[in-house]
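*Asks:* Got input-v8.cif for you, mmCIF, C-alpha atoms and all ligand atoms:
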data_final
#
loop_
_atom_site.label_atom_id
_atom_site.label_comp_id
_atom_site.auth_asym_id
_atom_site.auth_seq_id
_atom_site.Cartn_x
_atom_site.Cartn_y
_atom_site.Cartn_z
CA MET A 3 12.72 3.52 -26.39
CA GLN A 4 12.24 -0.12 -27.42
CA THR A 5 12.09 -2.19 -24.25
CA ILE A 6 10.88 -1.33 -20.76
CA GLY A 7 11.47 -3.66 -17.83
CA ILE A 8 9.08 -3.60 -14.88
CA ILE A 9 10.23 -5.41 -11.74
CA GLY A 10 7.27 -6.41 -9.58
CA ILE A 11 3.86 -6.93 -11.15
CA GLY A 12 1.61 -5.92 -8.28
CA LEU A 13 -0.71 -2.93 -8.46
CA ALA A 14 1.96 -0.33 -9.31
CA GLY A 15 3.79 -2.50 -11.85
CA LEU A 16 0.61 -3.56 -13.61
CA ARG A 17 -0.66 0.02 -13.71
CA CYS A 18 2.67 1.16 -15.19
CA ALA A 19 2.22 -1.37 -18.00
CA ALA A 20 -1.38 -0.22 -18.53
CA GLU A 21 -0.47 3.49 -18.49
CA LEU A 22 2.43 2.92 -20.89
CA ARG A 23 0.13 1.20 -23.38
CA ALA A 24 -2.56 3.87 -22.90
CA GLY A 25 0.12 6.50 -23.53
CA GLY A 26 0.97 4.90 -26.89
CA PHE A 27 4.01 2.77 -26.05
CA THR A 28 4.14 -0.06 -28.60
CA GLY A 29 7.54 -1.50 -27.73
CA GLN A 30 8.28 -4.54 -25.59
CA ILE A 31 7.32 -4.60 -21.92
CA ILE A 32 9.05 -7.28 -19.87
CA GLY A 33 7.67 -7.88 -16.39
CA TRP A 34 9.44 -9.70 -13.56
CA SER A 35 7.16 -11.16 -10.91
CA ALA A 36 8.11 -12.99 -7.72
CA GLU A 37 4.53 -14.21 -7.32
CA SER A 38 3.03 -16.99 -9.39
CA GLY A 39 -0.52 -16.55 -10.59
CA ILE A 40 -2.27 -13.49 -11.89
CA PRO A 41 -1.89 -10.11 -10.16
CA TYR A 42 -4.46 -9.59 -7.41
CA ASP A 43 -5.59 -6.79 -5.15
CA ARG A 44 -4.27 -6.62 -1.56
CA PRO A 45 -6.99 -4.66 0.32
CA PRO A 46 -9.55 -7.53 0.11
CA LEU A 47 -7.00 -9.86 1.76
CA SER A 48 -7.76 -8.20 5.09
CA LYS A 49 -11.21 -6.67 4.51
CA GLU A 50 -12.71 -9.85 3.06
CA LEU A 51 -10.39 -12.27 4.83
CA PHE A 52 -13.16 -14.76 5.53
CA GLY A 53 -15.04 -14.14 2.30
CA ASP A 54 -14.08 -13.61 -1.32
CA TYR A 55 -10.56 -12.35 -0.59
CA LEU A 56 -8.86 -13.04 -3.93
CA HIS A 57 -9.71 -10.28 -6.42
CA PRO A 58 -7.70 -10.39 -9.68
CA LEU A 59 -6.75 -6.83 -10.66
CA ALA A 60 -7.87 -7.58 -14.22
CA ASP A 61 -11.44 -8.16 -13.01
CA ASP A 62 -11.51 -4.59 -11.70
CA GLY A 63 -10.32 -3.18 -15.02
CA LEU A 64 -6.86 -2.39 -13.67
CA GLY A 65 -4.91 -4.29 -16.32
CA ASP A 66 -4.76 -7.67 -18.04
CA LEU A 67 -1.22 -8.94 -18.66
CA ASP A 68 -2.16 -10.71 -21.92
CA GLU A 69 -4.04 -7.75 -23.34
CA LEU A 70 -1.19 -5.44 -22.37
CA GLY A 71 1.30 -7.75 -24.03
CA VAL A 72 3.57 -8.09 -20.99
CA ASP A 73 6.30 -10.69 -21.41
CA LEU A 74 6.38 -12.22 -17.93
CA ARG A 75 9.49 -13.59 -16.20
CA GLY A 76 10.19 -14.76 -12.62
CA THR A 77 11.92 -13.03 -9.70
CA ALA A 78 14.52 -10.43 -10.68
CA GLY A 79 17.83 -10.89 -8.89
CA GLN A 80 19.90 -7.96 -10.08
CA VAL A 81 19.80 -4.63 -11.89
CA ARG A 82 23.00 -3.40 -13.49
CA ARG A 83 24.12 -0.87 -16.07
CA ASP A 84 26.67 -1.70 -18.69
CA GLY A 85 26.01 0.74 -21.52
CA SER A 86 22.28 0.02 -21.29
CA TRP A 87 20.36 -1.30 -18.28
CA PHE A 88 20.15 -5.02 -17.58
CA VAL A 89 17.69 -6.87 -15.38
CA ASP A 90 19.61 -10.06 -14.69
CA ASP A 91 20.95 -10.71 -18.21
CA VAL A 92 18.11 -9.07 -20.12
CA PRO A 93 18.90 -5.69 -21.72
CA VAL A 94 16.23 -2.99 -21.33
CA ASP A 95 16.12 0.72 -22.12
CA ALA A 96 14.45 1.65 -18.83
CA VAL A 97 13.78 -0.13 -15.55
CA ILE A 98 10.74 0.53 -13.38
CA VAL A 99 11.15 -0.90 -9.88
CA ALA A 100 7.72 -1.67 -8.42
CA THR A 101 8.57 -4.36 -5.89
CA GLY A 102 6.27 -3.19 -3.10
CA ALA A 103 7.04 -4.01 0.51
CA ARG A 104 7.50 -6.91 2.91
CA PRO A 105 5.83 -7.18 6.30
CA VAL A 106 8.02 -6.80 9.37
CA ARG A 107 8.54 -10.23 10.99
CA SER A 108 10.12 -10.30 14.43
CA ILE A 109 7.83 -12.49 16.55
CA PRO A 110 8.76 -16.16 16.20
CA GLY A 111 5.85 -18.22 14.89
CA ALA A 112 3.64 -15.20 14.19
CA LEU A 113 1.66 -14.93 10.95
CA THR A 114 1.67 -11.80 8.81
CA LEU A 115 -0.70 -10.59 6.11
CA TYR A 116 0.64 -9.30 2.81
CA PHE A 117 0.33 -12.05 0.19
CA ALA A 118 -2.59 -14.27 -0.84
CA ASP A 119 -0.84 -17.26 0.78
CA ASP A 120 -0.76 -15.33 4.06
CA ALA A 121 -4.52 -14.85 3.87
CA GLU A 122 -4.96 -18.57 3.28
CA ALA A 123 -2.83 -19.35 6.36
CA LEU A 124 -4.85 -16.93 8.51
CA ARG A 125 -8.12 -18.47 7.32
CA THR A 126 -6.87 -21.87 8.44
CA SER A 127 -5.72 -20.70 11.89
CA ILE A 128 -8.52 -18.28 12.75
CA THR A 129 -11.84 -20.02 13.23
CA PRO A 130 -14.96 -19.30 15.31
CA GLY A 131 -14.01 -19.61 18.98
CA SER A 132 -10.26 -19.54 18.33
CA THR A 133 -7.96 -17.28 20.34
CA VAL A 134 -6.29 -14.60 18.23
CA HIS A 135 -3.54 -12.22 19.30
CA VAL A 136 -3.06 -9.26 16.99
CA VAL A 137 0.16 -7.31 17.45
CA GLY A 138 -0.12 -3.75 16.14
CA ALA A 139 -3.20 -1.51 16.05
CA GLY A 140 -2.48 0.01 12.65
CA TRP A 141 -4.69 -0.34 9.57
CA ILE A 142 -4.01 -4.00 8.86
CA GLY A 143 -3.98 -5.07 12.51
CA MET A 144 -7.37 -3.48 13.11
CA GLU A 145 -8.80 -4.92 9.90
CA VAL A 146 -7.69 -8.40 10.94
CA ALA A 147 -9.12 -7.84 14.45
CA SER A 148 -12.39 -6.71 12.91
CA ALA A 149 -12.59 -9.65 10.49
CA ALA A 150 -11.63 -12.22 13.15
CA SER A 151 -14.15 -10.91 15.67
CA SER A 152 -16.86 -10.92 12.99
CA ILE A 153 -16.60 -14.73 12.68
CA GLY A 154 -16.64 -15.24 16.45
CA ALA A 155 -12.94 -15.51 17.27
CA SER A 156 -11.76 -14.24 20.65
CA VAL A 157 -9.48 -11.31 19.81
CA ASP A 158 -6.90 -9.31 21.78
CA VAL A 159 -4.89 -6.48 20.23
CA TRP A 160 -1.57 -5.23 21.62
CA GLU A 161 -0.19 -1.88 20.56
CA ALA A 162 3.13 -0.53 21.81
CA SER A 163 2.11 3.12 21.35
CA GLU A 164 -0.71 4.69 23.36
CA HIS A 165 -2.99 5.04 20.34
CA PHE A 166 -4.94 3.31 17.60
CA LEU A 167 -3.57 3.97 14.09
CA ASN A 168 -0.95 6.13 15.73
CA ARG A 169 1.22 6.81 12.67
CA THR A 170 -1.76 8.24 10.80
CA PHE A 171 -3.88 9.95 13.44
CA HIS A 172 -1.48 10.74 16.30
CA GLY A 173 -4.09 9.92 18.94
CA THR A 174 -7.14 11.75 17.57
CA VAL A 175 -9.41 8.77 16.89
CA ASP A 176 -8.97 6.63 20.01
CA ASP A 177 -12.52 7.18 21.29
CA ILE A 178 -14.02 6.01 17.97
CA TRP A 179 -11.97 2.82 17.69
CA ASN A 180 -12.31 2.10 21.42
CA GLN A 181 -16.07 2.11 21.09
CA TRP A 182 -16.04 -0.14 18.00
CA CYS A 183 -13.71 -2.61 19.74
CA GLU A 184 -15.84 -2.63 22.86
CA GLU A 185 -18.98 -3.29 20.83
CA ALA A 186 -17.24 -6.12 18.94
CA GLY A 187 -15.79 -7.65 22.12
CA VAL A 188 -12.20 -7.01 20.98
CA ARG A 189 -9.88 -6.41 23.95
CA VAL A 190 -7.26 -3.74 23.26
CA HIS A 191 -4.02 -3.23 25.19
CA LEU A 192 -2.70 0.20 24.20
CA GLY A 193 0.77 1.19 25.36
CA GLU A 194 1.67 -2.47 25.97
CA PRO A 195 4.29 -4.39 24.02
CA TYR A 196 3.10 -7.89 23.13
CA PRO A 197 3.71 -10.15 26.15
CA GLY A 198 3.25 -13.47 24.30
CA GLY A 199 1.02 -16.25 25.60
CA PRO A 200 -1.08 -19.14 24.31
CA ALA A 201 -3.08 -18.42 21.15
CA ASP A 202 -4.34 -20.27 18.09
CA ALA A 203 -2.99 -17.47 15.91
CA VAL A 204 -0.60 -14.62 16.56
CA VAL A 205 -0.79 -12.02 13.80
CA GLN A 206 2.07 -9.55 13.58
CA ALA A 207 0.88 -6.35 11.90
CA THR A 208 3.63 -3.93 12.82
CA GLY A 209 4.27 -2.45 9.39
CA ALA A 210 5.90 -3.28 6.08
CA LEU A 211 9.21 -2.12 4.66
CA PRO A 212 10.15 -1.48 1.00
CA ASP A 213 11.35 -4.65 -0.72
CA VAL A 214 14.43 -3.30 -2.47
CA ASP A 215 17.36 -5.23 -1.02
CA PHE A 216 18.25 -6.61 -4.46
CA LEU A 217 18.78 -3.13 -5.91
CA GLU A 218 22.22 -1.55 -5.61
CA TRP A 219 21.26 1.67 -7.40
CA GLY A 220 19.87 4.91 -6.00
CA THR A 221 19.51 6.29 -2.50
CA ARG A 222 17.08 5.26 0.23
CA SER A 223 14.66 7.21 2.40
CA ARG A 224 14.53 6.75 6.18
CA ARG A 225 12.11 3.84 5.77
CA GLY A 226 14.31 2.28 3.11
CA ALA A 227 12.35 3.33 0.01
CA ILE A 228 13.93 4.35 -3.30
CA VAL A 229 14.20 8.13 -3.30
CA ALA A 230 12.73 9.56 -6.51
CA ASP A 231 11.48 12.86 -7.85
CA GLN A 232 7.81 13.60 -8.53
CA PHE A 233 8.06 11.69 -11.84
CA GLY A 234 9.41 8.57 -10.17
CA ARG A 235 12.94 9.12 -11.52
CA ALA A 236 15.37 7.54 -9.04
CA LEU A 237 17.89 9.98 -7.57
CA ASN A 238 21.51 9.44 -6.60
CA VAL A 239 23.11 10.64 -3.34
CA SER A 240 23.65 14.09 -4.87
CA GLY A 241 19.96 14.34 -5.73
CA GLU A 242 20.61 13.92 -9.46
CA VAL A 243 18.35 11.85 -11.70
CA ILE A 244 19.67 8.38 -12.58
CA GLU A 245 18.65 8.19 -16.24
CA GLY A 246 16.46 5.20 -17.04
CA LEU A 247 15.73 4.04 -13.48
CA TYR A 248 12.27 4.63 -12.01
CA ALA A 249 10.35 3.69 -8.86
CA ALA A 250 6.59 3.30 -8.38
CA GLY A 251 4.32 2.17 -5.56
CA ASP A 252 5.23 1.06 -2.05
CA CYS A 253 8.95 0.57 -2.77
CA GLY A 254 9.40 4.22 -3.69
CA GLU A 255 9.18 7.64 -2.14
CA LEU A 256 8.28 10.10 -4.89
CA ASP A 257 8.86 13.74 -4.06
CA GLY A 258 8.98 12.93 -0.34
CA ARG A 259 5.64 11.07 -0.28
CA PRO A 260 6.09 7.67 1.37
CA GLY A 261 4.29 4.85 -0.47
CA GLY A 262 2.04 2.37 1.28
CA HIS A 263 -1.32 3.29 -0.19
CA TRP A 264 -3.34 1.91 -3.04
CA THR A 265 -4.26 5.20 -4.71
CA GLN A 266 -0.65 6.33 -4.62
CA ALA A 267 0.44 3.27 -6.60
CA LEU A 268 -2.04 4.34 -9.29
CA SER A 269 -0.82 7.92 -9.25
CA ASP A 270 2.87 6.90 -9.32
CA ALA A 271 2.23 4.83 -12.45
CA LYS A 272 0.86 7.92 -14.21
CA TRP A 273 3.86 10.06 -13.25
CA VAL A 274 6.43 7.42 -14.25
CA THR A 275 4.68 6.95 -17.59
CA ALA A 276 4.62 10.70 -18.19
CA ALA A 277 8.37 10.81 -17.56
CA ILE A 278 9.19 7.88 -19.85
CA LEU A 279 6.93 8.90 -22.72
CA GLY A 280 7.40 12.66 -22.34
CA LEU A 281 3.71 13.29 -21.64
CA ASP A 282 2.24 16.26 -19.77
CA ALA A 283 2.49 16.06 -15.99
CA PRO A 284 -0.60 14.36 -14.56
CA ARG A 285 -2.60 16.12 -11.87
CA VAL A 286 -1.44 15.76 -8.28
CA GLU A 287 -3.72 13.50 -6.25
CA PRO A 288 -4.26 13.96 -2.51
CA SER A 289 -3.11 11.03 -0.41
CA GLU A 290 -5.94 8.64 0.36
CA VAL A 291 -6.41 5.64 2.65
CA PHE A 292 -9.55 3.53 2.69
CA SER A 293 -10.56 0.79 5.07
CA THR A 294 -13.49 -1.32 6.20
CA GLN A 295 -13.68 -2.15 9.89
CA PHE A 296 -16.41 -3.19 12.31
CA GLY A 297 -19.07 -2.57 9.65
CA HIS A 298 -17.89 0.96 8.84
CA GLU A 299 -16.53 2.38 5.59
CA ILE A 300 -13.57 4.62 6.39
CA THR A 301 -11.71 6.98 4.05
CA LEU A 302 -8.97 9.41 4.96
CA ILE A 303 -8.22 12.11 2.41
CA GLY A 304 -5.00 14.10 2.93
CA GLU A 305 -2.56 14.04 5.82
CA VAL A 306 -3.64 14.53 9.43
CA PRO A 307 -1.65 17.35 11.09
CA ALA A 308 -0.01 16.15 14.32
CA GLY A 309 -1.39 17.72 17.48
CA ASP A 310 -4.61 18.96 15.84
CA PRO A 311 -7.77 17.08 16.89
CA GLY A 312 -9.75 18.55 13.97
CA VAL A 313 -13.47 19.28 14.04
CA ARG A 314 -15.95 16.44 14.47
CA GLU A 315 -18.86 16.04 12.05
CA GLY A 316 -20.66 13.08 13.57
CA LEU A 317 -18.05 10.31 13.47
CA SER A 318 -16.14 12.05 10.68
CA ILE A 319 -13.37 14.60 11.30
CA ARG A 320 -12.31 17.62 9.25
CA TRP A 321 -8.99 19.45 9.57
CA ASP A 322 -8.13 23.04 8.54
CA THR A 323 -5.56 21.68 6.08
CA GLY A 324 -8.41 20.15 4.05
CA ALA A 325 -7.75 16.64 5.36
CA PHE A 326 -10.96 14.70 6.03
CA LEU A 327 -11.69 11.42 7.76
CA GLY A 328 -14.99 10.20 6.37
CA ILE A 329 -16.70 7.42 8.29
CA ASP A 330 -19.76 6.11 6.45
CA ALA A 331 -19.82 9.49 4.69
CA PRO A 332 -19.28 8.90 0.94
CA ARG A 333 -20.64 12.26 -0.24
CA GLU A 334 -18.62 14.39 2.17
CA THR A 335 -15.55 12.28 1.41
CA SER A 336 -15.97 12.83 -2.31
CA ARG A 337 -16.34 16.59 -1.77
CA ALA A 338 -13.23 16.68 0.41
CA ARG A 339 -11.26 14.75 -2.23
CA LYS A 340 -12.31 17.20 -4.96
CA ALA A 341 -11.52 20.26 -2.83
CA LEU A 342 -8.09 18.98 -1.86
CA ARG A 343 -7.31 17.95 -5.43
CA LYS A 344 -8.27 21.44 -6.62
CA ALA A 345 -6.07 23.08 -3.98
CA LEU A 346 -3.11 20.84 -4.83
CA ASN A 347 -3.37 21.60 -8.55
CA ALA A 348 -4.14 25.34 -8.30
C1 LIG B 1 -3.59 -6.80 3.57
C2 LIG B 1 -3.42 -5.45 2.94
C3 LIG B 1 -4.47 -4.55 2.94
C4 LIG B 1 -4.33 -3.29 2.38
N1 LIG B 1 -5.38 -2.43 2.41
C5 LIG B 1 -5.24 -1.20 1.91
C6 LIG B 1 -6.30 -0.26 1.95
O1 LIG B 1 -7.37 -0.55 2.45
N2 LIG B 1 -6.12 0.97 1.44
C7 LIG B 1 -4.93 1.34 0.88
O2 LIG B 1 -4.79 2.49 0.45
N3 LIG B 1 -3.89 0.48 0.80
C8 LIG B 1 -4.02 -0.77 1.31
N4 LIG B 1 -2.98 -1.65 1.25
C9 LIG B 1 -1.74 -1.22 0.60
C10 LIG B 1 -1.84 -1.41 -0.92
O3 LIG B 1 -2.33 -2.68 -1.22
C11 LIG B 1 -0.45 -1.19 -1.50
O4 LIG B 1 -0.16 0.18 -1.34
C12 LIG B 1 -0.34 -1.59 -2.96
O5 LIG B 1 -0.58 -2.96 -3.13
C13 LIG B 1 1.06 -1.25 -3.44
O6 LIG B 1 1.27 -1.81 -4.67
P1 LIG B 1 2.75 -2.13 -5.17
O7 LIG B 1 2.59 -2.60 -6.57
O8 LIG B 1 3.65 -1.02 -4.86
O9 LIG B 1 3.24 -3.35 -4.25
P2 LIG B 1 2.76 -4.85 -4.24
O10 LIG B 1 1.30 -4.93 -4.42
O11 LIG B 1 3.34 -5.47 -3.03
O12 LIG B 1 3.46 -5.52 -5.51
C14 LIG B 1 4.85 -5.71 -5.58
C15 LIG B 1 5.12 -7.01 -6.27
O13 LIG B 1 6.52 -7.10 -6.53
C16 LIG B 1 6.95 -8.43 -6.30
N5 LIG B 1 8.40 -8.46 -6.13
C17 LIG B 1 9.14 -8.11 -5.05
N6 LIG B 1 10.45 -8.28 -5.30
C18 LIG B 1 10.55 -8.75 -6.57
C19 LIG B 1 11.65 -9.13 -7.41
N7 LIG B 1 12.92 -9.04 -7.01
N8 LIG B 1 11.37 -9.60 -8.65
C20 LIG B 1 10.09 -9.69 -9.09
N9 LIG B 1 9.02 -9.34 -8.33
C21 LIG B 1 9.25 -8.87 -7.10
C22 LIG B 1 6.17 -8.80 -5.06
O14 LIG B 1 6.14 -10.19 -4.86
C23 LIG B 1 4.79 -8.23 -5.42
O15 LIG B 1 4.07 -9.15 -6.18
C24 LIG B 1 -3.09 -2.92 1.81
C25 LIG B 1 -2.02 -3.82 1.80
C26 LIG B 1 -2.18 -5.07 2.37
C27 LIG B 1 -1.01 -6.03 2.38
#
Starting from the file, give its structure as structure tokens.
*Replies:*
Amino acid sequence: MQTIGIIGIGLAGLRCAAELRAGGFTGQIIGWSAESGIPYDRPPLSKELFGDYLHPLADDGLGDLDELGVDLRGTAGQVRRDGSWFVDDVPVDAVIVATGARPVRSIPGALTLYFADDAEALRTSITPGSTVHVVGAGWIGMEVASAASSIGASVDVWEASEHFLNRTFHGTVDDIWNQWCEEAGVRVHLGEPYPGGPADAVVQATGALPDVDFLEWGTRSRRGAIVADQFGRALNVSGEVIEGLYAAGDCGELDGRPGGHWTQALSDAKWVTAAILGLDAPRVEPSEVFSTQFGHEITLIGEVPAGDPGVREGLSIRWDTGAFLGIDAPRETSRARKALRKALNA
């Protein structure tokens, strides 16, 4: 293998480059990036929206493009196979697609939060005393509501389902988030589609979908992600591996695990690298979501079983499956992570 192409140099793409080098790959790595500027971390865009929101991934030791020797190009328009693989007109021996996701946009004039430019636009529109409408009470919607209320904006949140963070918790955390919102003066309208109305900023936070429209290869999951095996090898409609085509991060669904989380992008990069370089299989990591809202540090380890309220430990919640929601509970969270990791790799 001489040349590896990585499309999308966000967290997953950069980590793939770093893992490939760490695994001994000395050939050429060509990266295609639709964003100008150096790769940065997305979680601070919402958590530190009104502070130091731009964190280069290199500063956190996650990979430096120059040190990794990545030959950087612009947006990739096409992937094709004609003997070998081509990204646009550049021949490569393997293609890693790591193009992430794009926020759903359906409300005219609404802002979204995914890219650094989005954060800049929100910082301009949301000021102390401004009226902010947040549509969607998922992770990003609630982080924006929390950040906006912390600087003295007047915030309303609309959520079409009956619950906070419904896709993750299925209604088991409503009392906790209700109390935080009440304390912060955030008005929440659960079970109500957004009615519109005058606001200085409308923020649509109703999810993000895999950004893979440019790719004609492989099959797609229900949410439109590239279907891949545990090693990130893209599969065709018959479930067979497409040699030389890989997916990592939010644009992929490896072994049935939907992307969308930071730690999974890191894990995917390890598995894809193991497949390309023929290394031992890495350990399986439990799914993990972290968040900062209303002054609380929140970490969810594992998947929450639907219909099971779990057992409360203060604000934190533990489920029989080993899943654990740690709220301001770093030690218990770390123990839960270790236990679940051990169980998954037994
Ligand atoms: C505001 C925000 C807060 C978040 N907070 C958390 C959190 O607290 N905890 C958590 O677990 N996760 C969080 N996430 C999710 C986490 O950041 C993602 O899971 C992670 O960034 C996924 O990395 P990725 O490399 O797959 O995608 P991305 O980081 O989106 O990178 C993909 C890159 O590919 C580029 N690209 C797309 N198409 C092309 C093309 N055709 N050619 C070239 N380049 C292309 C994109 O422009 C982008 O730069 C958050 C996400 C956002 C937006």
*Asks:* Counting only C-alpha atoms and all ligand atoms, name the residues that have an atom within 6 Å of an atom of ligand LIG 1 (chain B); the answer should be given as a PyMOL selection string.
*Replies:* chain A and resi 9-15+34-37+44-45+47-48+77-79+100-103+115-116+142+213+251-253+262-265+267+291-293
*Asks:* Taking (0.0, 14.7, 9.1) in the coordinates of the supplied file, I want to know which residues reach to within 10 Å of it, counting only C-alpha atoms; could you give the answer as a PDB file with C-alpha atoms, keeping the file's coordinate frame?
*Replies:*
ATOM      1  CA  ARG A 169       1.220   6.810  12.670  1.00  0.00           C
ATOM      2  CA  THR A 170      -1.760   8.240  10.800  1.00  0.00           C
ATOM      3  CA  PHE A 171      -3.880   9.950  13.440  1.00  0.00           C
ATOM      4  CA  HIS A 172      -1.480  10.740  16.300  1.00  0.00           C
ATOM      5  CA  GLY A 304      -5.000  14.100   2.930  1.00  0.00           C
ATOM      6  CA  GLU A 305      -2.560  14.040   5.820  1.00  0.00           C
ATOM      7  CA  VAL A 306      -3.640  14.530   9.430  1.00  0.00           C
ATOM      8  CA  PRO A 307      -1.650  17.350  11.090  1.00  0.00           C
ATOM      9  CA  ALA A 308      -0.010  16.150  14.320  1.00  0.00           C
ATOM     10  CA  GLY A 309      -1.390  17.720  17.480  1.00  0.00           C
ATOM     11  CA  ASP A 310      -4.610  18.960  15.840  1.00  0.00           C
ATOM     12  CA  THR A 323      -5.560  21.680   6.080  1.00  0.00           C
ATOM     13  CA  ALA A 325      -7.750  16.640   5.360  1.00  0.00           C
TER      14      ALA A 325
END
*Asks:* Could you please give me, as a ChimeraX atom specification, the residues of protein, DNA or RNA lying at most 10 Å from (7.6, 8.1, -6.0) in the coordinate frame of the file, considering only C-alpha atoms?
*Replies:* /A:227-236,248-261,266-267,269-271,273-274
*Asks:* Compare A:Ser127, A:Gln206, A:Thr114, A:Ser108 by their minimum atom-to-atom distance to Val159 in chain A, counting all atoms listed in the file, and give me the closest one.
*Replies:*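 Once distances to Val159 in chain A are computed over all atoms listed in the file, the minimum belongs to A:Gln206.
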*Asks:* To one decimal place in Å, what is the distance between CA of Gly76 in chain A and CA of Asp54 in chain A?
*Replies:*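 Straight-line distance from CA of Gly76 in chain A to CA of Asp54 in chain A works out to 26.8 Å.
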*Asks:* With all atoms listed in the file as the basis for distance, which of A:Val190, A:Leu342, A:Leu22, A:Ala123 is at the shortest distance from His135 in chain A?
*Replies:*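 Among the listed residues, the smallest separation from His135 in chain A belongs to A:Val190.
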*Asks:* Between CA of Val72 in chain A and CA of Thr221 in chain A, measure the distance and give it in Å to one decimal.
*Replies:*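 Computing the Euclidean distance for CA of Val72 in chain A and CA of Thr221 in chain A yields 28.3 Å.
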*Asks:* Give me, please, the distance in Å between CA of Phe216 in chain A and CA of Arg75 in chain A, quoted to one decimal.
*Replies:*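 Going from CA of Phe216 in chain A over to CA of Arg75 in chain A covers 16.2 Å.
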*Asks:* Which of these residues is nearest to Thr133 in chain A, using all atoms listed in the file: A:Asp66, A:Asp202, A:Asp120, A:Glu164?
*Replies:* A:Asp202
*Asks:* When distances are computed from all atoms listed in the file, which of A:Pro284, A:Gly29, A:Gly173, A:Gly226 shows the smallest separation from Met3 in chain A?
*Replies:*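 Of A:Pro284, A:Gly29, A:Gly173, A:Gly226, the one nearest Met3 in chain A, counting all atoms listed in the file, is A:Gly29.
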*Asks:* Could you name the residues that touch Ala341 in chain A at 12 Å or less, counting all atoms listed in the file, but leaving out those on the same chain fewer than 3 positions away, as a list of chain:residue names?
*Replies:*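 Near Ala341 in chain A, the qualifying residues are A:Glu287, A:Pro288, A:Ile303, A:Gly304, A:Thr323, A:Gly324, A:Ala325, A:Phe326, A:Glu334, A:Thr335, A:Ser336, A:Arg337, A:Ala338, A:Lys344, A:Ala345, A:Leu346, A:Asn347, A:Ala348.
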*Asks:* Between A:Arg320, A:His191, A:Arg17, A:Arg224, which one has atoms that come closest to Ile98 in chain A, using only C-alpha atoms?
*Replies:* A:Arg17
*Asks:* Kindly output range 263-273 of chain A as a PDB file, in the coordinates of the input, after building N, CA, C and O atoms.
*Replies:*
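What landed in rebuild.pdb:
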ATOM      1  N   HIS A 263       0.119   3.175   0.033  1.00  0.00           N
ATOM      2  CA  HIS A 263      -1.320   3.290  -0.190  1.00  0.00           C
ATOM      3  C   HIS A 263      -1.680   2.986  -1.639  1.00  0.00           C
ATOM      4  O   HIS A 263      -0.960   3.339  -2.563  1.00  0.00           O
ATOM      5  N   TRP A 264      -2.808   2.388  -1.775  1.00  0.00           N
ATOM      6  CA  TRP A 264      -3.340   1.910  -3.040  1.00  0.00           C
ATOM      7  C   TRP A 264      -3.418   3.029  -4.080  1.00  0.00           C
ATOM      8  O   TRP A 264      -2.924   2.895  -5.201  1.00  0.00           O
ATOM      9  N   THR A 265      -4.056   4.137  -3.714  1.00  0.00           N
ATOM     10  CA  THR A 265      -4.260   5.200  -4.710  1.00  0.00           C
ATOM     11  C   THR A 265      -2.925   5.812  -5.138  1.00  0.00           C
ATOM     12  O   THR A 265      -2.787   6.292  -6.252  1.00  0.00           O
ATOM     13  N   GLN A 266      -1.947   5.757  -4.234  1.00  0.00           N
ATOM     14  CA  GLN A 266      -0.650   6.330  -4.620  1.00  0.00           C
ATOM     15  C   GLN A 266       0.044   5.470  -5.666  1.00  0.00           C
ATOM     16  O   GLN A 266       0.739   5.983  -6.547  1.00  0.00           O
ATOM     17  N   ALA A 267      -0.141   4.150  -5.574  1.00  0.00           N
ATOM     18  CA  ALA A 267       0.440   3.270  -6.600  1.00  0.00           C
ATOM     19  C   ALA A 267      -0.116   3.639  -7.970  1.00  0.00           C
ATOM     20  O   ALA A 267       0.605   3.677  -8.969  1.00  0.00           O
ATOM     21  N   LEU A 268      -1.410   3.948  -8.018  1.00  0.00           N
ATOM     22  CA  LEU A 268      -2.040   4.340  -9.290  1.00  0.00           C
ATOM     23  C   LEU A 268      -1.457   5.666  -9.797  1.00  0.00           C
ATOM     24  O   LEU A 268      -1.146   5.822 -10.976  1.00  0.00           O
ATOM     25  N   SER A 269      -1.330   6.604  -8.879  1.00  0.00           N
ATOM     26  CA  SER A 269      -0.820   7.920  -9.250  1.00  0.00           C
ATOM     27  C   SER A 269       0.642   7.827  -9.694  1.00  0.00           C
ATOM     28  O   SER A 269       1.040   8.406 -10.715  1.00  0.00           O
ATOM     29  N   ASP A 270       1.449   7.054  -8.951  1.00  0.00           N
ATOM     30  CA  ASP A 270       2.870   6.900  -9.320  1.00  0.00           C
ATOM     31  C   ASP A 270       3.004   6.380 -10.749  1.00  0.00           C
ATOM     32  O   ASP A 270       3.877   6.819 -11.508  1.00  0.00           O
ATOM     33  N   ALA A 271       2.148   5.422 -11.110  1.00  0.00           N
ATOM     34  CA  ALA A 271       2.230   4.830 -12.450  1.00  0.00           C
ATOM     35  C   ALA A 271       2.002   5.902 -13.521  1.00  0.00           C
ATOM     36  O   ALA A 271       2.641   5.900 -14.576  1.00  0.00           O
ATOM     37  N   LYS A 272       1.113   6.836 -13.243  1.00  0.00           N
ATOM     38  CA  LYS A 272       0.860   7.920 -14.210  1.00  0.00           C
ATOM     39  C   LYS A 272       2.084   8.818 -14.352  1.00  0.00           C
ATOM     40  O   LYS A 272       2.461   9.224 -15.445  1.00  0.00           O
ATOM     41  N   TRP A 273       2.704   9.149 -13.211  1.00  0.00           N
ATOM     42  CA  TRP A 273       3.860  10.060 -13.250  1.00  0.00           C
ATOM     43  C   TRP A 273       5.053   9.399 -13.940  1.00  0.00           C
ATOM     44  O   TRP A 273       5.743  10.028 -14.744  1.00  0.00           O
TER      45      TRP A 273
END
